[in-house]
Protein chains: 2
Amino acid sequence: MNPVPSPVLVDLKFNPERLAALLETAFEDRGSINLADPESRNTDLSSIDYALVWKPDADLFQRATNLKVIFCGGAGVDSILRIPNLPDIPIVRFVDHSLTTRMSEWVVLHCLMHLRGQHAHEKAQRHHQWGDMVPPEAADVTVGIMGMGVLGQDAAMKLTTLGFNVAGWSRSKKAVPGVETYGSEELDAFLHQTDILVGLLPLTAETKGLYNRGLFEKLRHDGALGRPVFLNAGRGGSQVEADIVSAINDGILGGASLDVFEVEPLAPGSPLWDLDNVFITPHDAAVSDEKALFAHVERQIGRFESGQPLEFLVDRRAGY
Amino acid sequence: MNPVPSPVLVDLKFNPERLAALLETAFEDRGSINLADPESRNTDLSSIDYALVWKPDADLFQRATNLKVIFCGGAGVDSILRIPNLPDIPIVRFVDHSLTTRMSEWVVLHCLMHLRGQHAHEKAQRHHQWGDMVPPEAADVTVGIMGMGVLGQDAAMKLTTLGFNVAGWSRSKKAVPGVETYGSEELDAFLHQTDILVGLLPLTAETKGLYNRGLFEKLRHDGALGRPVFLNAGRGGSQVEADIVSAINDGILGGASLDVFEVEPLAPGSPLWDLDNVFITPHDAAVSDEKALFAHVERQIGRFESGQPLEFLVDRRAGY
């Protein structure tokens with residue numbers, strides 16, 4: 001441990017003005033080096049202990065050669081794990097109450113918009129038409145969540161409270177009160193009874209391209225919504241966007257809500273923007289709150305330096 | 001009590017085809033007379049014990065002169081209480097789990113749409129624009145519910161689960177776990193800290209025109225949403241629509257969601273349809289499920305005939 005604590009190296013590709021302003025008062029015990037600051041361009045980073053990163057510079061780990069821990073600025077670590085010659089040190093994921101509740105807000109909002117026919121209501125309103133449809137109620141619909149970690153379990157609890165039936169699938173089967181859970185070998189059974197599929201999976205070799213036409217065809221097609229709906233707030237790399245477009249156009253899917261995309265920002269020419277009953281949000285379902293992120297990093301550094309185990313460690317082999 | 005049970009007189013201005021089909025198998029012990037059926041036009045109704053009505057014919061109570069109980073087909077009874085020479089017999093309101101959960105779906109959906117800036121997202125999507133806004137989270141916002149009966153309390157519980165701060169106002173102050181409640185004398189204090197106002201009040205002499213510009217001006221104007229939002233799923237007669245229009249245009253309100261209107265259906269020429277950040281739904285927030293309604297009526301008739309007290313009795317003086 002250094003006698004003088006080394007500043008936290010920060011390379012977060014967030015809103016730069018906001019980040020710079022917040023860093024002025026963050027990490028008061030040790031300070032920080034903001035890589036977005038032109039003055040840090042030639043700073044010697046070889047004695048830095050901790051890096052907090054989101055989509056970091058390609059040469060970061062060649063410059064900061066003695067890091068002890070890498071903190072990821074978001075819940076998903078795929079962009080970090082892709083970096084060649086990543087040093088073999090602990091990587092800590094961002095888990096935070098605020099991130100979790102925001103994600104659940106998005107999931108509940110979009111499940112309810114599809115349940116209650118918000119797209120049809122909006123269209124009727126645009127035409128000054130007093131509609132006449134009786135949508136099903138939550139108890140008639142099963143939401144199936146893929147990814148039952150902290151985010152998935154919180155969303156499941158809130159959807160259950162709203163009255164939805166909730167099923168959960170995860171690589172290793174979880175026991176969650178009030179939720180019918182499925183493990184890796186039971187994917188088809190899970191899909192067959194799902195009306196609204198919610199993707200909250202990390203991007204790994206196993207989940208790349210997972211949400212494709214073959215999977216959409218396995219969803220329940222005689223449920224109360226008429227046709228199944230696909231929501232993704234996990235990672236865009238897990239979805240095949242050409243398949244989403246054709247599944248909507250062919251009536252395999254009745255709608256979708258997408259917060260993540262194969263390439264972000266989504267290109268202005270993508271056919272996804274104009275599809276019927278498809279809601280697009282700009283990867284803002286669960287925006288990391290910077291202050292909560294800094295507090296999380298300080299807490300984990302405190303644990304690490306006092307000999308306690310780090311929390312929320314990334315399993316590199318599993319990829320999340 | 002009649003030796004042969006008298007059929008239930010049904011005068012429900014719901015979807016007529018659907019109603020006729022459902023009545024074929026409803027009330028199997030005593031049957032029903034559907035006033036919408038042309039054959040019933042001249043039927044003698046003087047020996048009928050029970051009427052189930054929603055916006056009933058003006059002459060109904062002149063024809064059915066020996067009713068023992070009136071069952072209302074919805075949660076709001078204002079349209080019945082307005083009828084001149086209404087017989088002085090018990091009136092039973094419709095309270096039902098399905099009605100309650102549907103109303104809460106609508107309330108939670110519209111609170112989340114305003115919280116998460118759905119209107120701005122929809123506009124960005126229409127222009128193929130990748131937006132860049134960080135909405136507040138539920139914990140930064142207080143939802144104030146006016147009307148803390150069965151519907152208000154259920155919505156309050158669900159909004160609390162989503163992370164919103166919730167306050168509740170009612171004529172007689174209620175104690176509700178996790179909700180800051182206010183009574184009739186404390187309306188201003190309630191309004192001053194409310195970011196999203198949810199109207200779930202019955203229409204009575206006291207609530208007519210209650211939601212007007214003066215009330216909107218008392219809502220919190222420096223909250224996390226920037227400007228306050230008004231939701232009404234109670235009764236249209238409680239709102240002054242000209243004031244909603246001017247409050248939106250003048251920036252007193254930042255948005256609204258309206259399921260009820262002074263005159264329904266809302267006229268195609270109403271300025272409400274095109275207001276910025278105003279969502280219109282055609283009085284379908286909590287559609288009465290006919291089967292649940294029939295089961296409720298059968299249950300209450302069973303109680304009445306076995307000498308137990310009727311539930312959900314309307315207080316005529318209070319008006320609900």
# chains A, B, ... in the order shown; residues from 1 in each chain; ligands from 1
$ closest_atom_pairs --of "chain B" --to "chain A" --cutoff "7 Å" --atoms "only C-alpha atoms" --output "CSV"
residue,atom,partner,partner_atom,distance
B:Arg102,CA,A:Glu137,CA,6.4
B:Glu105,CA,A:Leu162,CA,6.9
B:Leu109,CA,A:Leu109,CA,5.8
B:Leu112,CA,A:Leu109,CA,5.9
B:Met113,CA,A:Leu109,CA,6.9
B:His121,CA,A:Thr281,CA,6.5
B:Gln125,CA,A:Trp273,CA,6.0
B:His128,CA,A:Pro268,CA,5.2
B:Gln129,CA,A:Pro268,CA,6.8
B:Trp130,CA,A:Pro282,CA,5.5
B:Gly131,CA,A:Pro282,CA,6.0
B:Glu137,CA,A:Arg102,CA,6.4
B:Lys158,CA,A:Leu162,CA,6.7
B:Thr161,CA,A:Lys158,CA,6.7
B:Leu162,CA,A:Lys158,CA,6.7
B:Pro265,CA,A:Trp130,CA,6.3
B:Leu266,CA,A:Trp130,CA,6.9
B:Pro268,CA,A:His128,CA,5.2
B:Trp273,CA,A:Gln125,CA,6.0
B:Ile280,CA,A:Gln125,CA,6.3
B:Thr281,CA,A:His121,CA,6.5
B:Pro282,CA,A:Trp130,CA,5.5
$ select_by_dssp --residues "region 214-251 of chain A" --states "helix (DSSP H, G or I)" --output "PyMOL selection string"
chain A and resi 214-217+236-238+241-249
$ write_last_selection --atoms "N, CA, C and O atoms" --output "short mmCIF file (atom, residue, chain, number, x, y, z; two decimals), in the first residue's frame"
data_model
loop_
_atom_site.label_atom_id
_atom_site.label_comp_id
_atom_site.auth_asym_id
_atom_site.auth_seq_id
_atom_site.Cartn_x
_atom_site.Cartn_y
_atom_site.Cartn_z
N GLY A 214 -35.44 -17.93 -34.52
CA GLY A 214 -35.73 -19.26 -33.99
C GLY A 214 -36.25 -19.19 -32.55
O GLY A 214 -37.18 -19.90 -32.16
N LEU A 215 -35.64 -18.30 -31.77
CA LEU A 215 -36.07 -18.13 -30.38
C LEU A 215 -37.44 -17.45 -30.32
O LEU A 215 -38.32 -17.88 -29.57
N PHE A 216 -37.65 -16.42 -31.13
CA PHE A 216 -38.95 -15.73 -31.11
C PHE A 216 -40.09 -16.68 -31.47
O PHE A 216 -41.19 -16.57 -30.95
N GLU A 217 -39.80 -17.62 -32.37
CA GLU A 217 -40.84 -18.57 -32.80
C GLU A 217 -41.28 -19.50 -31.67
O GLU A 217 -42.37 -20.06 -31.71
N GLY A 236 -27.01 -5.24 -26.73
CA GLY A 236 -27.43 -5.30 -28.12
C GLY A 236 -26.81 -6.46 -28.88
O GLY A 236 -27.44 -7.01 -29.80
N GLY A 237 -25.61 -6.85 -28.49
CA GLY A 237 -24.93 -7.96 -29.18
C GLY A 237 -25.67 -9.27 -29.03
O GLY A 237 -25.42 -10.22 -29.80
N SER A 238 -26.59 -9.37 -28.07
CA SER A 238 -27.35 -10.60 -27.89
C SER A 238 -28.52 -10.71 -28.85
O SER A 238 -29.17 -11.75 -28.94
N GLU A 241 -30.80 -8.01 -35.08
CA GLU A 241 -31.79 -6.98 -35.41
C GLU A 241 -32.53 -7.26 -36.71
O GLU A 241 -33.72 -6.96 -36.82
N ALA A 242 -31.85 -7.88 -37.67
CA ALA A 242 -32.54 -8.24 -38.92
C ALA A 242 -33.68 -9.21 -38.61
O ALA A 242 -34.76 -9.14 -39.23
N ASP A 243 -33.47 -10.09 -37.64
CA ASP A 243 -34.52 -11.05 -37.26
C ASP A 243 -35.67 -10.36 -36.53
O ASP A 243 -36.84 -10.76 -36.68
N ILE A 244 -35.36 -9.34 -35.72
CA ILE A 244 -36.43 -8.60 -35.04
C ILE A 244 -37.31 -7.92 -36.09
O ILE A 244 -38.54 -7.99 -36.04
N VAL A 245 -36.67 -7.29 -37.07
CA VAL A 245 -37.42 -6.60 -38.13
C VAL A 245 -38.32 -7.59 -38.87
O VAL A 245 -39.53 -7.35 -39.03
N SER A 246 -37.77 -8.72 -39.27
CA SER A 246 -38.59 -9.67 -40.04
C SER A 246 -39.65 -10.31 -39.15
O SER A 246 -40.77 -10.56 -39.60
N ALA A 247 -39.34 -10.55 -37.88
CA ALA A 247 -40.32 -11.16 -36.98
C ALA A 247 -41.51 -10.22 -36.74
O ALA A 247 -42.66 -10.66 -36.65
N ILE A 248 -41.23 -8.92 -36.64
CA ILE A 248 -42.33 -7.96 -36.49
C ILE A 248 -43.15 -7.92 -37.78
O ILE A 248 -44.38 -8.00 -37.77
N ASN A 249 -42.45 -7.80 -38.90
CA ASN A 249 -43.16 -7.68 -40.18
C ASN A 249 -43.97 -8.93 -40.53
O ASN A 249 -45.02 -8.84 -41.16
#
$ closest_residue --among "B:Val263, B:Val141, B:Ala292, B:Ile70" --to "Val229 (chain B)" --atoms "only C-alpha atoms"
B:Val141
$ residues_around --residues "Cys72 (chain A)" --least-positions-apart "5" --cutoff "10 Å" --atoms "only C-alpha atoms" --output "list in words"
Asp11, Leu12, Ala51, Leu52, Val53, Trp54, Lys55, Pro56, Val77, Asp78, Ser79, Ile80, Ile91, Val92, Arg93, Phe94, Val95, Leu293, Val297 and Val314 of chain A
$ select_by_dssp --residues "region 231-266 of chain A" --states "strand (DSSP E or B)" --output "PDB file with C-alpha atoms, in the first residue's frame"
ATOM      1  CA  LEU A 231     -37.931  -6.432 -24.610  1.00  0.00           C
ATOM      2  CA  ASN A 232     -34.153  -6.062 -24.416  1.00  0.00           C
ATOM      3  CA  GLN A 239     -29.999  -9.655 -30.473  1.00  0.00           C
ATOM      4  CA  GLY A 255     -44.130  -5.676 -30.593  1.00  0.00           C
ATOM      5  CA  ALA A 256     -40.807  -4.893 -28.978  1.00  0.00           C
ATOM      6  CA  SER A 257     -39.021  -2.435 -26.703  1.00  0.00           C
ATOM      7  CA  LEU A 258     -35.309  -2.043 -27.294  1.00  0.00           C
TER       8      LEU A 258
END
$ residues_around --residues "Gly199 (chain B)" --least-positions-apart "4" --cutoff "7 Å" --atoms "only C-alpha atoms" --output "compact mmCIF listing (two decimals) with N, CA and C atoms, in the first residue's frame"
# COMPACT_ATOMS: atom_id res chain seq x y z
N ILE B 145 -51.93 11.13 -4.31
CA ILE B 145 -53.18 10.51 -4.74
C ILE B 145 -54.35 11.16 -4.00
N MET B 146 -55.33 11.68 -4.74
CA MET B 146 -56.55 12.20 -4.12
C MET B 146 -57.62 11.13 -4.23
N GLY B 147 -58.06 10.63 -3.07
CA GLY B 147 -59.00 9.51 -3.04
C GLY B 147 -58.27 8.28 -2.57
N LEU B 231 -52.86 13.62 -13.39
CA LEU B 231 -53.50 12.40 -13.90
C LEU B 231 -54.91 12.33 -13.35
N ASN B 232 -55.88 12.01 -14.19
CA ASN B 232 -57.24 11.81 -13.67
C ASN B 232 -57.87 10.54 -14.25
N ALA B 233 -58.18 9.62 -13.34
CA ALA B 233 -58.91 8.42 -13.72
C ALA B 233 -60.14 8.26 -12.83
N GLY B 234 -60.54 9.37 -12.18
CA GLY B 234 -61.73 9.34 -11.33
C GLY B 234 -62.96 9.66 -12.17
$ closest_residue --among "A:Leu151, A:Ala205, A:Ala120, A:Ala189" --to "Asn277 (chain A)" --atoms "only C-alpha atoms"
A:Ala120
$ residues_around --residues "Arg220 (chain B)" --least-positions-apart "6" --cutoff "7 Å" --atoms "only C-alpha atoms" --output "PDB file with N, CA and C atoms, in the first residue's frame"
ATOM      1  N   LEU B 191     -50.823  19.324  -1.608  1.00  0.00           N
ATOM      2  CA  LEU B 191     -50.532  19.746  -2.985  1.00  0.00           C
ATOM      3  C   LEU B 191     -49.117  20.306  -3.112  1.00  0.00           C
ATOM      4  N   HIS B 192     -48.661  21.059  -2.101  1.00  0.00           N
ATOM      5  CA  HIS B 192     -47.358  21.736  -2.176  1.00  0.00           C
ATOM      6  C   HIS B 192     -46.192  20.777  -2.392  1.00  0.00           C
ATOM      7  N   GLN B 193     -46.355  19.519  -1.978  1.00  0.00           N
ATOM      8  CA  GLN B 193     -45.228  18.593  -2.108  1.00  0.00           C
ATOM      9  C   GLN B 193     -45.500  17.514  -3.157  1.00  0.00           C
ATOM     10  N   THR B 194     -46.526  17.729  -3.984  1.00  0.00           N
ATOM     11  CA  THR B 194     -46.897  16.728  -4.990  1.00  0.00           C
ATOM     12  C   THR B 194     -46.339  17.082  -6.368  1.00  0.00           C
ATOM     13  N   ASP B 195     -45.580  16.138  -6.968  1.00  0.00           N
ATOM     14  CA  ASP B 195     -45.061  16.311  -8.336  1.00  0.00           C
ATOM     15  C   ASP B 195     -46.021  15.735  -9.372  1.00  0.00           C
ATOM     16  N   PRO B 228     -45.139  20.133 -12.540  1.00  0.00           N
ATOM     17  CA  PRO B 228     -46.008  19.057 -12.066  1.00  0.00           C
ATOM     18  C   PRO B 228     -46.884  18.479 -13.175  1.00  0.00           C
TER      19      PRO B 228
END
$ atom_distance --atom1 "CA of Gly168 (chain B)" --atom2 "CA of Asp188 (chain B)"
12.4 Å
$ closest_residue --among "B:Val260, B:Leu313, B:Leu35, B:Val176" --to "Phe14 (chain B)" --atoms "only C-alpha atoms"
B:Leu35
$ closest_residue --among "A:Thr25, A:Ser47, A:Ser172, A:Thr160" --to "Leu187 (chain A)" --atoms "only C-alpha atoms"
A:Ser172
$ residues_around --residues "Leu19 (chain B)" --least-positions-apart "3" --cutoff "10 Å" --atoms "only C-alpha atoms" --output "PyMOL selection string"
chain B and resi 10+12-16+22-24+34+36+290-291
$ atom_distance --atom1 "CA of Asp276 (chain B)" --atom2 "CA of Asp250 (chain B)"
11.6 Å
